[in-house]
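Peer 1: Got final12.cif for you, mmCIF, C-alpha atoms:
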data_protein
loop_
_atom_site.label_atom_id
_atom_site.label_comp_id
_atom_site.auth_asym_id
_atom_site.auth_seq_id
_atom_site.Cartn_x
_atom_site.Cartn_y
_atom_site.Cartn_z
CA MET A 12 37.29 -28.99 -65.07
CA ARG A 13 37.59 -28.44 -68.83
CA ARG A 14 35.58 -31.62 -69.52
CA ARG A 15 32.79 -30.49 -67.14
CA ARG A 16 32.64 -27.06 -68.76
CA THR A 17 32.56 -28.57 -72.24
CA LYS A 18 29.75 -30.96 -71.16
CA ALA A 19 27.66 -28.12 -69.65
CA MET A 20 28.12 -25.99 -72.77
CA GLY A 21 27.00 -28.92 -74.91
CA ILE A 22 23.84 -29.39 -72.88
CA ALA A 23 23.06 -25.69 -73.09
CA LEU A 24 23.58 -25.67 -76.84
CA LEU A 25 21.39 -28.72 -77.19
CA ALA A 26 18.60 -27.12 -75.19
CA ALA A 27 18.87 -23.98 -77.30
CA ALA A 28 18.76 -26.01 -80.46
CA LEU A 29 15.69 -27.90 -79.27
CA ALA A 30 13.96 -24.68 -78.36
CA ALA A 31 14.79 -23.21 -81.77
CA GLY A 32 13.60 -26.37 -83.43
CA LEU A 33 10.33 -26.30 -81.55
CA TRP A 34 9.86 -22.69 -82.53
CA LEU A 35 10.42 -23.52 -86.21
CA LEU A 36 8.16 -26.59 -86.22
CA PRO A 37 4.60 -26.18 -87.52
CA ALA A 38 1.75 -25.76 -84.98
CA PRO A 39 0.25 -29.29 -85.44
CA ALA A 40 3.58 -30.84 -84.64
CA VAL A 41 4.20 -28.64 -81.59
CA ARG A 42 0.71 -29.05 -80.04
CA PRO A 43 1.43 -32.47 -78.40
CA LEU A 44 4.65 -31.12 -76.94
CA LYS A 45 2.85 -28.11 -75.56
CA GLY A 46 0.26 -30.39 -73.90
CA ALA A 47 2.99 -32.44 -72.28
CA ALA A 48 4.67 -29.25 -71.08
CA ARG A 49 1.38 -28.05 -69.56
CA ARG A 50 0.97 -31.36 -67.72
CA LEU A 51 4.43 -30.96 -66.28
CA VAL A 52 4.04 -27.27 -65.39
CA THR A 53 0.48 -27.41 -63.93
CA PRO A 54 1.45 -29.00 -60.54
CA VAL A 55 4.23 -26.47 -60.17
CA GLN A 56 1.82 -23.63 -60.96
CA SER A 57 -0.68 -24.94 -58.37
CA VAL A 58 1.99 -24.99 -55.69
CA LEU A 59 3.11 -21.50 -56.62
CA ILE A 60 -0.49 -20.17 -56.59
CA ARG A 61 -1.23 -21.72 -53.18
CA GLY A 62 2.03 -20.30 -51.84
CA ALA A 63 1.18 -16.85 -53.17
CA ALA A 64 -2.28 -17.04 -51.54
CA ARG A 65 -0.72 -17.96 -48.19
CA VAL A 66 1.72 -15.09 -48.52
CA ARG A 67 -1.19 -12.69 -49.17
CA GLU A 68 -3.14 -14.05 -46.15
CA GLY A 69 -0.04 -13.77 -44.01
CA TRP A 70 0.46 -10.18 -45.10
CA ARG A 71 -3.18 -9.35 -44.32
CA THR A 72 -2.67 -10.89 -40.86
CA VAL A 73 0.48 -8.86 -40.32
CA ARG A 74 -1.32 -5.71 -41.42
CA GLY A 75 -4.19 -6.55 -39.05
CA MET A 76 -1.75 -7.04 -36.16
CA GLY A 77 -1.11 -3.32 -36.18
CA GLY A 78 -4.76 -2.70 -35.35
CA LEU A 79 -4.70 -5.39 -32.67
CA VAL A 80 -1.68 -3.76 -31.02
CA GLU A 81 -3.45 -0.40 -30.99
CA ARG A 82 -6.59 -2.00 -29.54
CA TYR A 83 -4.51 -3.77 -26.89
CA GLN A 84 -2.89 -0.48 -25.90
CA GLN A 85 -6.30 1.19 -25.71
CA LEU A 86 -7.70 -1.61 -23.53
CA SER A 87 -4.62 -1.46 -21.28
CA GLU A 88 -5.13 2.27 -20.75
CA GLU A 89 -8.81 1.69 -19.93
CA ILE A 90 -7.87 -1.01 -17.40
CA VAL A 91 -5.37 1.33 -15.72
CA GLU A 92 -8.03 4.06 -15.50
CA LEU A 93 -10.57 1.63 -14.02
CA GLN A 94 -8.04 0.37 -11.49
CA THR A 95 -7.24 3.96 -10.49
CA ASP A 96 -10.95 4.74 -10.05
CA LEU A 97 -11.38 1.57 -7.98
CA ARG A 98 -8.48 2.47 -5.68
CA ALA A 99 -9.89 5.99 -5.28
CA MET A 100 -13.29 4.55 -4.34
CA GLU A 101 -11.68 2.16 -1.85
CA THR A 102 -9.76 5.08 -0.33
CA LEU A 103 -12.94 7.15 0.00
CA GLU A 104 -14.76 4.22 1.57
CA ARG A 105 -11.94 3.70 4.08
CA GLU A 106 -11.84 7.41 4.95
CA ASN A 107 -15.62 7.46 5.34
CA ARG A 108 -15.46 4.48 7.69
CA GLU A 109 -12.67 6.09 9.72
CA LEU A 110 -14.62 9.35 10.00
CA ARG A 111 -17.70 7.48 11.20
CA GLU A 112 -15.60 5.75 13.86
CA GLN A 113 -14.07 9.07 14.91
CA LEU A 114 -17.51 10.68 15.14
CA ALA A 115 -18.87 7.82 17.22
CA PHE A 116 -15.86 8.07 19.55
CA PHE A 117 -16.24 11.84 19.80
CA ARG A 118 -19.89 11.48 20.83
CA SER A 119 -19.24 8.65 23.28
CA THR A 120 -16.83 10.51 25.55
CA GLY A 121 -17.96 12.96 28.14
CA ARG A 122 -14.91 15.19 27.86
CA PRO A 123 -14.50 18.14 25.49
CA MET A 124 -12.25 17.18 22.59
CA ILE A 125 -10.75 18.91 19.58
CA ALA A 126 -10.79 16.83 16.41
CA CYS A 127 -7.51 17.03 14.43
CA GLU A 128 -5.90 15.61 11.33
CA VAL A 129 -2.31 14.39 11.19
CA VAL A 130 -0.45 16.62 8.72
CA GLY A 131 3.20 15.76 9.38
CA ARG A 132 5.79 13.64 11.15
CA GLY A 133 8.83 14.65 13.13
CA ILE A 134 12.05 14.80 11.12
CA SER A 135 14.08 13.46 14.04
CA GLY A 136 12.11 10.23 14.23
CA TRP A 137 8.91 8.65 12.93
CA TRP A 138 8.00 7.29 16.35
CA ARG A 139 8.80 10.47 18.30
CA THR A 140 6.50 13.28 17.20
CA LEU A 141 3.75 14.18 14.77
CA ARG A 142 2.00 17.41 13.78
CA LEU A 143 -1.74 18.12 13.98
CA ASN A 144 -3.64 20.79 12.05
CA ARG A 145 -5.13 22.49 15.13
CA GLY A 146 -3.50 25.11 17.34
CA SER A 147 -4.09 27.71 20.01
CA ARG A 148 -6.81 29.50 18.04
CA ASP A 149 -8.77 26.21 18.16
CA GLY A 150 -8.30 25.84 21.91
CA VAL A 151 -5.27 23.52 21.91
CA ARG A 152 -2.86 24.01 24.82
CA PRO A 153 0.49 22.41 25.70
CA GLY A 154 0.41 19.43 28.02
CA ARG A 155 -2.92 18.03 26.86
CA ALA A 156 -3.53 14.33 26.22
CA VAL A 157 -3.97 13.24 22.61
CA VAL A 158 -6.06 10.15 21.93
CA SER A 159 -7.60 8.09 19.13
CA PRO A 160 -10.57 5.69 19.25
CA ASP A 161 -8.05 2.89 19.89
CA GLY A 162 -6.21 4.47 22.78
CA LEU A 163 -3.62 6.96 23.97
CA VAL A 164 -1.41 8.63 21.36
CA GLY A 165 0.69 11.06 23.42
CA SER A 166 0.53 14.67 24.59
CA THR A 167 0.76 18.11 23.03
CA ALA A 168 4.18 19.74 23.29
CA GLU A 169 4.74 22.85 21.16
CA VAL A 170 1.63 24.77 20.12
CA ASN A 171 1.26 27.65 17.71
CA ALA A 172 -1.80 29.40 16.35
CA MET A 173 -2.63 26.91 13.59
CA SER A 174 -0.92 23.62 14.53
CA CYS A 175 0.69 21.68 17.33
CA GLU A 176 3.43 19.12 17.89
CA VAL A 177 2.49 15.89 19.66
CA ARG A 178 5.02 13.88 21.66
CA LEU A 179 4.12 10.26 21.01
CA LEU A 180 4.02 7.81 23.90
CA SER A 181 6.79 5.85 22.14
CA ASP A 182 9.15 8.86 22.32
CA PRO A 183 12.04 8.11 24.72
CA SER A 184 11.35 11.40 26.52
CA SER A 185 7.74 10.35 27.26
CA TRP A 186 6.88 9.24 30.84
CA ILE A 187 3.31 8.23 31.73
CA SER A 188 1.97 7.12 35.10
CA ALA A 189 0.19 3.84 34.39
CA ARG A 190 -1.67 0.94 35.97
CA LEU A 191 -1.97 -2.76 35.18
CA VAL A 192 -5.72 -3.39 35.08
CA ARG A 193 -5.80 -7.06 36.10
CA ALA A 194 -3.09 -6.89 38.75
CA GLY A 195 -4.02 -3.43 40.00
CA SER A 196 -0.34 -2.50 40.26
CA TYR A 197 1.15 0.83 39.24
CA GLY A 198 4.21 1.72 37.23
CA VAL A 199 5.68 4.22 34.77
CA VAL A 200 5.44 3.74 31.00
CA LYS A 201 8.52 5.03 29.18
CA GLY A 202 8.88 5.37 25.43
CA ARG A 203 11.46 3.14 23.73
CA GLY A 204 11.36 4.46 20.17
CA SER A 205 11.02 1.54 17.79
CA GLU A 206 12.16 -2.06 17.71
CA GLY A 207 11.91 -4.01 14.49
CA GLY A 208 10.13 -1.11 12.76
CA ARG A 209 7.28 -0.76 15.29
CA PRO A 210 6.77 1.62 18.22
CA THR A 211 7.43 0.19 21.68
CA CYS A 212 7.15 1.25 25.31
CA ARG A 213 8.05 -0.27 28.64
CA ILE A 214 6.29 -0.15 31.98
CA GLU A 215 8.82 -0.05 34.80
CA PHE A 216 8.88 -0.06 38.61
CA ILE A 217 6.24 -2.78 38.96
CA ASN A 218 6.21 -4.41 42.39
CA LYS A 219 8.27 -7.60 42.20
CA ASP A 220 5.56 -9.63 43.96
CA VAL A 221 2.84 -8.77 41.43
CA GLU A 222 1.96 -11.41 38.84
CA VAL A 223 2.24 -9.83 35.40
CA ARG A 224 1.05 -11.80 32.39
CA ARG A 225 1.48 -11.45 28.68
CA GLY A 226 -1.55 -9.62 27.24
CA ASP A 227 -2.35 -7.65 30.41
CA THR A 228 -3.95 -4.28 29.67
CA VAL A 229 -2.06 -1.13 30.65
CA VAL A 230 -4.02 2.11 31.18
CA THR A 231 -3.26 5.59 32.45
CA SER A 232 -3.47 5.91 36.22
CA GLY A 233 -4.72 9.50 36.30
CA LEU A 234 -1.74 10.63 38.39
CA GLY A 235 0.42 13.47 37.16
CA GLY A 236 -2.28 15.81 35.89
CA ILE A 237 -1.84 15.39 32.10
CA TYR A 238 -3.57 12.11 31.31
CA PRO A 239 -7.02 11.32 32.70
CA GLU A 240 -7.52 7.94 34.30
CA GLY A 241 -8.41 4.87 32.26
CA LEU A 242 -7.01 5.68 28.79
CA VAL A 243 -5.75 2.47 27.19
CA ILE A 244 -1.99 2.59 26.56
CA GLY A 245 -1.41 -0.94 25.30
CA TYR A 246 -0.78 -4.55 26.21
CA VAL A 247 2.04 -6.39 27.96
CA GLU A 248 4.26 -8.32 25.56
CA GLU A 249 7.02 -9.76 27.77
CA VAL A 250 8.08 -9.50 31.42
CA ARG A 251 11.49 -9.37 33.07
CA THR A 252 12.90 -8.70 36.51
CA ASP A 253 14.92 -5.54 37.20
CA ARG A 254 18.64 -6.00 37.76
CA SER A 255 18.26 -4.87 41.34
CA GLY A 256 15.68 -7.60 41.91
CA LEU A 257 13.32 -5.10 43.55
CA TYR A 258 11.05 -4.40 40.60
CA GLN A 259 9.69 -5.90 37.42
CA SER A 260 9.38 -4.32 34.00
CA ALA A 261 7.35 -5.31 30.96
CA GLY A 262 7.37 -4.45 27.26
CA VAL A 263 4.18 -2.72 26.14
CA VAL A 264 2.78 -2.69 22.60
CA PRO A 265 0.71 0.52 22.06
CA LYS A 266 -2.92 -0.17 21.23
CA ALA A 267 -3.23 2.92 18.98
CA ASP A 268 -1.75 2.38 15.53
CA LEU A 269 0.80 5.20 15.73
CA GLY A 270 2.27 4.43 12.33
CA ARG A 271 -0.96 4.75 10.36
CA LEU A 272 -2.68 7.41 12.44
CA ARG A 273 -4.61 9.94 10.33
CA PHE A 274 -6.96 11.53 12.86
CA ALA A 275 -6.63 12.27 16.57
CA PHE A 276 -8.33 14.20 19.36
CA VAL A 277 -6.81 16.65 21.81
CA LEU A 278 -8.56 16.42 25.16
CA GLY A 279 -9.77 19.69 26.59
CA ALA A 280 -9.80 20.67 30.23
CA LYS A 281 -12.33 18.80 32.28
CA LYS A 282 -15.36 20.93 32.96
CA PRO A 283 -15.96 21.59 36.66
CA PRO A 284 -19.18 20.10 38.01
CA SER A 285 -22.14 22.41 38.10
CA PRO A 286 -22.92 23.62 41.65
CA GLU A 287 -25.89 21.93 43.22
CA PRO A 288 -28.80 24.19 44.07
CA LEU A 289 -29.17 25.03 47.74
CA GLN A 290 -31.80 23.06 49.59
CA GLY A 291 -34.56 25.08 51.16
CA GLY A 292 -35.21 28.80 51.03
CA ALA A 293 -33.31 31.70 52.42
CA PRO A 294 -33.38 32.10 56.23
#
With the file now loaded, output its structure as structure tokens.
Peer 2:
Amino acid sequence: MRRRRTKAMGIALLAAALAAGLWLLPAPAVRPLKGAARRLVTPVQSVLIRGAARVREGWRTVRGMGGLVERYQQLSEEIVELQTDLRAMETLERENRELREQLAFFRSTGRPMIACEVVGRGISGWWRTLRLNRGSRDGVRPGRAVVSPDGLVGSTAEVNAMSCEVRLLSDPSSWISARLVRAGSYGVVKGRGSEGGRPTCRIEFINKDVEVRRGDTVVTSGLGGIYPEGLVIGYVEEVRTDRSGLYQSAGVVPKADLGRLRFAFVLGAKKPPSPEPLQGGAP
């Protein structure tokens, strides 16, 4: 260790002596040494200058990144606003289409109807009841059929001045006299709540000798006084024989989209036919 330290000190002293000597030498004698030193230092200076330039360019890029980030944030906000406007326009277009369909349905039927909007769902169950924004002051009465352009929805239950509760056909307390269109057989459609997250019903007490097929249309029979004849309830999904062996029953998928219903119509009382004028004059 002592030898290494002594050697290093000697080299340092030698370098200092050379530097002092160069300083004391006259200018003509030092000029060649200075030229040699420049030739040795110039490549190093070039590398250092290029490195410094790259550092400056990198710093300018980093400083510019701040502006790019701000621009990116601004563009992201504009995209979100445009997407929101687009969704709003799509919603308005869908509502406009639905209203046109409702208006066409309203004009196509010969019965008086009260147009309503769905404003709530029953707390006890999504597939049991819903609330409409029309009540007794609009002519709504309990026990009236509620329909949509697709088919039967249910019937009015509780009615107040400004709104009414509708018992959906999928409610387990709902019973509807029905008919199988193709087979011409009658039965009773009972609500089954929901199965697998969708509303379901079942038509029961079908004659055991009647051929029931998947996809058969089920409509109201007109018996019972609440539902007029011919309203589409839904379609047969599967068929089974009653335990007693005397009847058949079939699962029914409602045609009306009860889960996404936004508008509905309460059917009014059927208007009595106008009396025909008497033939001939008075006796």
Peer 1: Report the residues retrieved by the PyMOL selection byres ((chain A and resi 227) around 6) from the displayed file, expressed as a ChimeraX atom specification.
Peer 2: /A:224-226,228,246-247
Peer 1: Rounded to one decimal, what separation in Å do you get between atom CA of A:Arg152 and atom CA of A:Val199?
Peer 2: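 Those two atoms sit 23.7 Å apart.
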Peer 1: Apply the PyMOL selection byres ((chain A and resi 196) around 10) to the displayed file and report the matching residues as a list in words.
Peer 2: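 For this structure, the PyMOL selection byres ((chain A and resi 196) around 10) resolves to Ala189, Arg190, Leu191, Val192, Arg193, Ala194, Gly195, Tyr197, Gly198, Phe216, Ile217, Asn218, Asp220, Val221, Glu222, Val223, Val229 and Ser232 of chain A.
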Peer 1: If we count only C-alpha atoms and set the cut-off at 7 Å, which residues sit around A:Gly165, ignoring sequence neighbours fewer than 2 positions away in its own chain? Please answer as a PDB file with C-alpha atoms, in the frame of the given file.
Peer 2:
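What landed in out-v1.pdb:
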ATOM      1  CA  ALA A 156      -3.530  14.330  26.220  1.00  0.00           C
ATOM      2  CA  VAL A 157      -3.970  13.240  22.610  1.00  0.00           C
ATOM      3  CA  VAL A 158      -6.060  10.150  21.930  1.00  0.00           C
ATOM      4  CA  LEU A 163      -3.620   6.960  23.970  1.00  0.00           C
ATOM      5  CA  VAL A 177       2.490  15.890  19.660  1.00  0.00           C
ATOM      6  CA  ARG A 178       5.020  13.880  21.660  1.00  0.00           C
ATOM      7  CA  LEU A 179       4.120  10.260  21.010  1.00  0.00           C
ATOM      8  CA  LEU A 180       4.020   7.810  23.900  1.00  0.00           C
TER       9      LEU A 180
END
Peer 1: Which is closest to A:Trp138 among A:Gln259, A:Ser174, A:Ser159, A:Ser184, if we use only C-alpha atoms?
Peer 2: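 Among A:Gln259, A:Ser174, A:Ser159, A:Ser184, it is A:Ser184 that comes nearest to A:Trp138.
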Peer 1: Taking the structure I provided as the source, export stretch 262-279 of chain A with N, CA, C and O atoms, as a PDB file, in the first residue's frame.
Peer 2:
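Ended up saving to decode_1.pdb:
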ATOM      1  N   GLY A 262     -95.948 -23.993 -20.971  1.00  0.00           N
ATOM      2  CA  GLY A 262     -95.288 -22.729 -20.645  1.00  0.00           C
ATOM      3  C   GLY A 262     -95.540 -21.712 -21.739  1.00  0.00           C
ATOM      4  O   GLY A 262     -95.534 -22.048 -22.926  1.00  0.00           O
ATOM      5  N   VAL A 263     -95.775 -20.471 -21.347  1.00  0.00           N
ATOM      6  CA  VAL A 263     -96.086 -19.404 -22.297  1.00  0.00           C
ATOM      7  C   VAL A 263     -95.101 -18.245 -22.093  1.00  0.00           C
ATOM      8  O   VAL A 263     -94.952 -17.755 -20.963  1.00  0.00           O
ATOM      9  N   VAL A 264     -94.456 -17.832 -23.160  1.00  0.00           N
ATOM     10  CA  VAL A 264     -93.574 -16.660 -23.120  1.00  0.00           C
ATOM     11  C   VAL A 264     -94.388 -15.450 -23.567  1.00  0.00           C
ATOM     12  O   VAL A 264     -94.915 -15.432 -24.680  1.00  0.00           O
ATOM     13  N   PRO A 265     -94.562 -14.421 -22.707  1.00  0.00           N
ATOM     14  CA  PRO A 265     -95.351 -13.235 -23.100  1.00  0.00           C
ATOM     15  C   PRO A 265     -94.769 -12.574 -24.340  1.00  0.00           C
ATOM     16  O   PRO A 265     -93.557 -12.464 -24.500  1.00  0.00           O
ATOM     17  N   LYS A 266     -95.666 -12.155 -25.229  1.00  0.00           N
ATOM     18  CA  LYS A 266     -95.214 -11.457 -26.433  1.00  0.00           C
ATOM     19  C   LYS A 266     -94.775 -10.037 -26.111  1.00  0.00           C
ATOM     20  O   LYS A 266     -93.791  -9.532 -26.657  1.00  0.00           O
ATOM     21  N   ALA A 267     -95.488  -9.331 -25.245  1.00  0.00           N
ATOM     22  CA  ALA A 267     -95.097  -7.976 -24.840  1.00  0.00           C
ATOM     23  C   ALA A 267     -93.813  -8.036 -24.022  1.00  0.00           C
ATOM     24  O   ALA A 267     -93.653  -8.916 -23.167  1.00  0.00           O
ATOM     25  N   ASP A 268     -92.924  -7.112 -24.293  1.00  0.00           N
ATOM     26  CA  ASP A 268     -91.651  -7.047 -23.560  1.00  0.00           C
ATOM     27  C   ASP A 268     -91.897  -6.342 -22.229  1.00  0.00           C
ATOM     28  O   ASP A 268     -91.726  -5.125 -22.102  1.00  0.00           O
ATOM     29  N   LEU A 269     -92.287  -7.118 -21.220  1.00  0.00           N
ATOM     30  CA  LEU A 269     -92.677  -6.535 -19.935  1.00  0.00           C
ATOM     31  C   LEU A 269     -91.505  -5.890 -19.209  1.00  0.00           C
ATOM     32  O   LEU A 269     -91.696  -4.978 -18.404  1.00  0.00           O
ATOM     33  N   GLY A 270     -90.304  -6.346 -19.481  1.00  0.00           N
ATOM     34  CA  GLY A 270     -89.149  -5.799 -18.788  1.00  0.00           C
ATOM     35  C   GLY A 270     -88.709  -4.447 -19.287  1.00  0.00           C
ATOM     36  O   GLY A 270     -88.130  -3.659 -18.541  1.00  0.00           O
ATOM     37  N   ARG A 271     -88.976  -4.141 -20.569  1.00  0.00           N
ATOM     38  CA  ARG A 271     -88.518  -2.880 -21.153  1.00  0.00           C
ATOM     39  C   ARG A 271     -89.679  -1.976 -21.536  1.00  0.00           C
ATOM     40  O   ARG A 271     -89.502  -1.015 -22.282  1.00  0.00           O
ATOM     41  N   LEU A 272     -90.849  -2.268 -21.005  1.00  0.00           N
ATOM     42  CA  LEU A 272     -92.045  -1.506 -21.366  1.00  0.00           C
ATOM     43  C   LEU A 272     -91.932  -0.065 -20.885  1.00  0.00           C
ATOM     44  O   LEU A 272     -91.629   0.192 -19.723  1.00  0.00           O
ATOM     45  N   ARG A 273     -92.203   0.895 -21.792  1.00  0.00           N
ATOM     46  CA  ARG A 273     -92.145   2.308 -21.439  1.00  0.00           C
ATOM     47  C   ARG A 273     -93.487   3.001 -21.636  1.00  0.00           C
ATOM     48  O   ARG A 273     -93.765   4.005 -21.015  1.00  0.00           O
ATOM     49  N   PHE A 274     -94.297   2.471 -22.542  1.00  0.00           N
ATOM     50  CA  PHE A 274     -95.619   3.030 -22.800  1.00  0.00           C
ATOM     51  C   PHE A 274     -96.634   1.894 -22.828  1.00  0.00           C
ATOM     52  O   PHE A 274     -96.296   0.760 -23.182  1.00  0.00           O
ATOM     53  N   ALA A 275     -97.871   2.207 -22.461  1.00  0.00           N
ATOM     54  CA  ALA A 275     -98.945   1.216 -22.476  1.00  0.00           C
ATOM     55  C   ALA A 275    -100.274   1.930 -22.650  1.00  0.00           C
ATOM     56  O   ALA A 275    -100.358   3.165 -22.528  1.00  0.00           O
ATOM     57  N   PHE A 276    -101.321   1.155 -22.926  1.00  0.00           N
ATOM     58  CA  PHE A 276    -102.652   1.699 -23.131  1.00  0.00           C
ATOM     59  C   PHE A 276    -103.643   0.969 -22.228  1.00  0.00           C
ATOM     60  O   PHE A 276    -103.634  -0.266 -22.166  1.00  0.00           O
ATOM     61  N   VAL A 277    -104.474   1.730 -21.562  1.00  0.00           N
ATOM     62  CA  VAL A 277    -105.563   1.163 -20.776  1.00  0.00           C
ATOM     63  C   VAL A 277    -106.812   1.169 -21.656  1.00  0.00           C
ATOM     64  O   VAL A 277    -107.202   2.221 -22.172  1.00  0.00           O
ATOM     65  N   LEU A 278    -107.404  -0.003 -21.847  1.00  0.00           N
ATOM     66  CA  LEU A 278    -108.594  -0.081 -22.684  1.00  0.00           C
ATOM     67  C   LEU A 278    -109.798   0.485 -21.944  1.00  0.00           C
ATOM     68  O   LEU A 278    -110.019   0.169 -20.767  1.00  0.00           O
ATOM     69  N   GLY A 279    -110.560   1.302 -22.652  1.00  0.00           N
ATOM     70  CA  GLY A 279    -111.786   1.829 -22.083  1.00  0.00           C
ATOM     71  C   GLY A 279    -112.938   0.865 -22.286  1.00  0.00           C
ATOM     72  O   GLY A 279    -112.797  -0.194 -22.918  1.00  0.00           O
TER      73      GLY A 279
END
